[in-house]
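Worksheet for the structure shown next.
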Amino acid sequence: KNQVEQSPQSLIILEGKNCTLQCNYTVSPFSNLRWYKQDTGRGPVSLTIMTFSENTKSNGRYTATLDADTKQSSLHITASQLSDSASYICGTPTDSWGKLQFGAGTQVVVTP
Amino acid sequence: DAGVIQSPRHEVTEMGQEVTLRCKPISGHNSLFWYRQTMMRGLELLIYFNNNVPIDDSGMPEDRFSAKMPNASFSTLKIQPSEPRDSAVYFCASSLVWSREAGNTIYFGEGSWLTVV
């Protein structure tokens, strides 16, 4: 069964600190993994798309890593800001047409 | 670029009533997806279209749910009759020339917040 699991479920960090979110997947065959940021009351917005040949990809203060061997990905947030408070969701396609399997998300709260 | 446009943004309806959610994908995109998001189950794919043709509707929960895409710029998701357990946020998303390998970005709308009482 194709699954995507994220950890932790939630976390609270102080403004300016770093944090790392985890995403484990069992989807096979694997093609790419996506990280989305979802602000409260808004739709998910794409942060990164990583293909199986990429190990690291950055988008500003967000850096995603991928280990296709262990089927793990992480999203690292550097020097967190209050605007980083959101839910972060990872997902990966389960077919050739774009059917994405998403994890439950990690709720990040950045406090002053 | 206007992005994916959904309407209504919020709807409160009584159990048994028909609900129609609307979506205008990004111009030029040829793949359209309908997702449902709840606290319990997260984001779930209901149905998706490619070039206006439904590809996979296995995520549609019951026959009460139906979706159409009469043309490249419009899609509807209909629930009839609605039930309280249908309360959720329904997202429409679109993508250009979906490729499993290239992984083109899927753009989400802001969602339709449905409450069935």
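As shown in the structure tokens, the chain order sets the letters A, B, ...; within each chain, residues go from 1, and ligands are also counted from 1 in the order they appear.
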- Query: Taking only C-alpha atoms into account, which residues of chain B are within 10 Å of chain A, as number ranges by chain?
  - Reply: B: 4, 31-33, 35, 37-50, 55-56, 89-93, 95, 97-113
- Query: If you count only C-alpha atoms, which residues fall within 8 Å of range 21-25 of chain B, apart from same-chain ones fewer than 5 positions away, as a ChimeraX atom specification?
  - Reply: /B:3-8,32,72-78,92-94,112
- Members of chain A assigned strand (DSSP E) by DSSP, as a VMD selection string: chain A and resid 4 to 7 10 to 14 19 to 25 32 to 38 45 to 51 56 to 59 62 to 67 72 to 77 86 to 93 100 to 102 106 to 111
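You will find CA of Gln72 in chain A at 16.6 Å from CA of Ser58 in chain A.
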- Which residue gives the smallest distance to Leu75 in chain A among A:Glu15, A:Asp39, A:Gln22, A:Val4, with only C-alpha atoms counted? A:Gln22
- What does the distance between CA of Leu11 in chain A and CA of Arg36 in chain B come to in Å, to one decimal place?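 Atom-to-atom, CA of Leu11 in chain A and CA of Arg36 in chain B are spaced 24.4 Å apart.
Put simply, CA of Asn24 in chain A is 11.4 Å away from CA of Pro8 in chain A.
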- Judged by only C-alpha atoms, the minimum distance to Cys23 in chain A among A:Ser74, A:Thr40, A:Gln9, A:Thr65 is found for A:Ser74
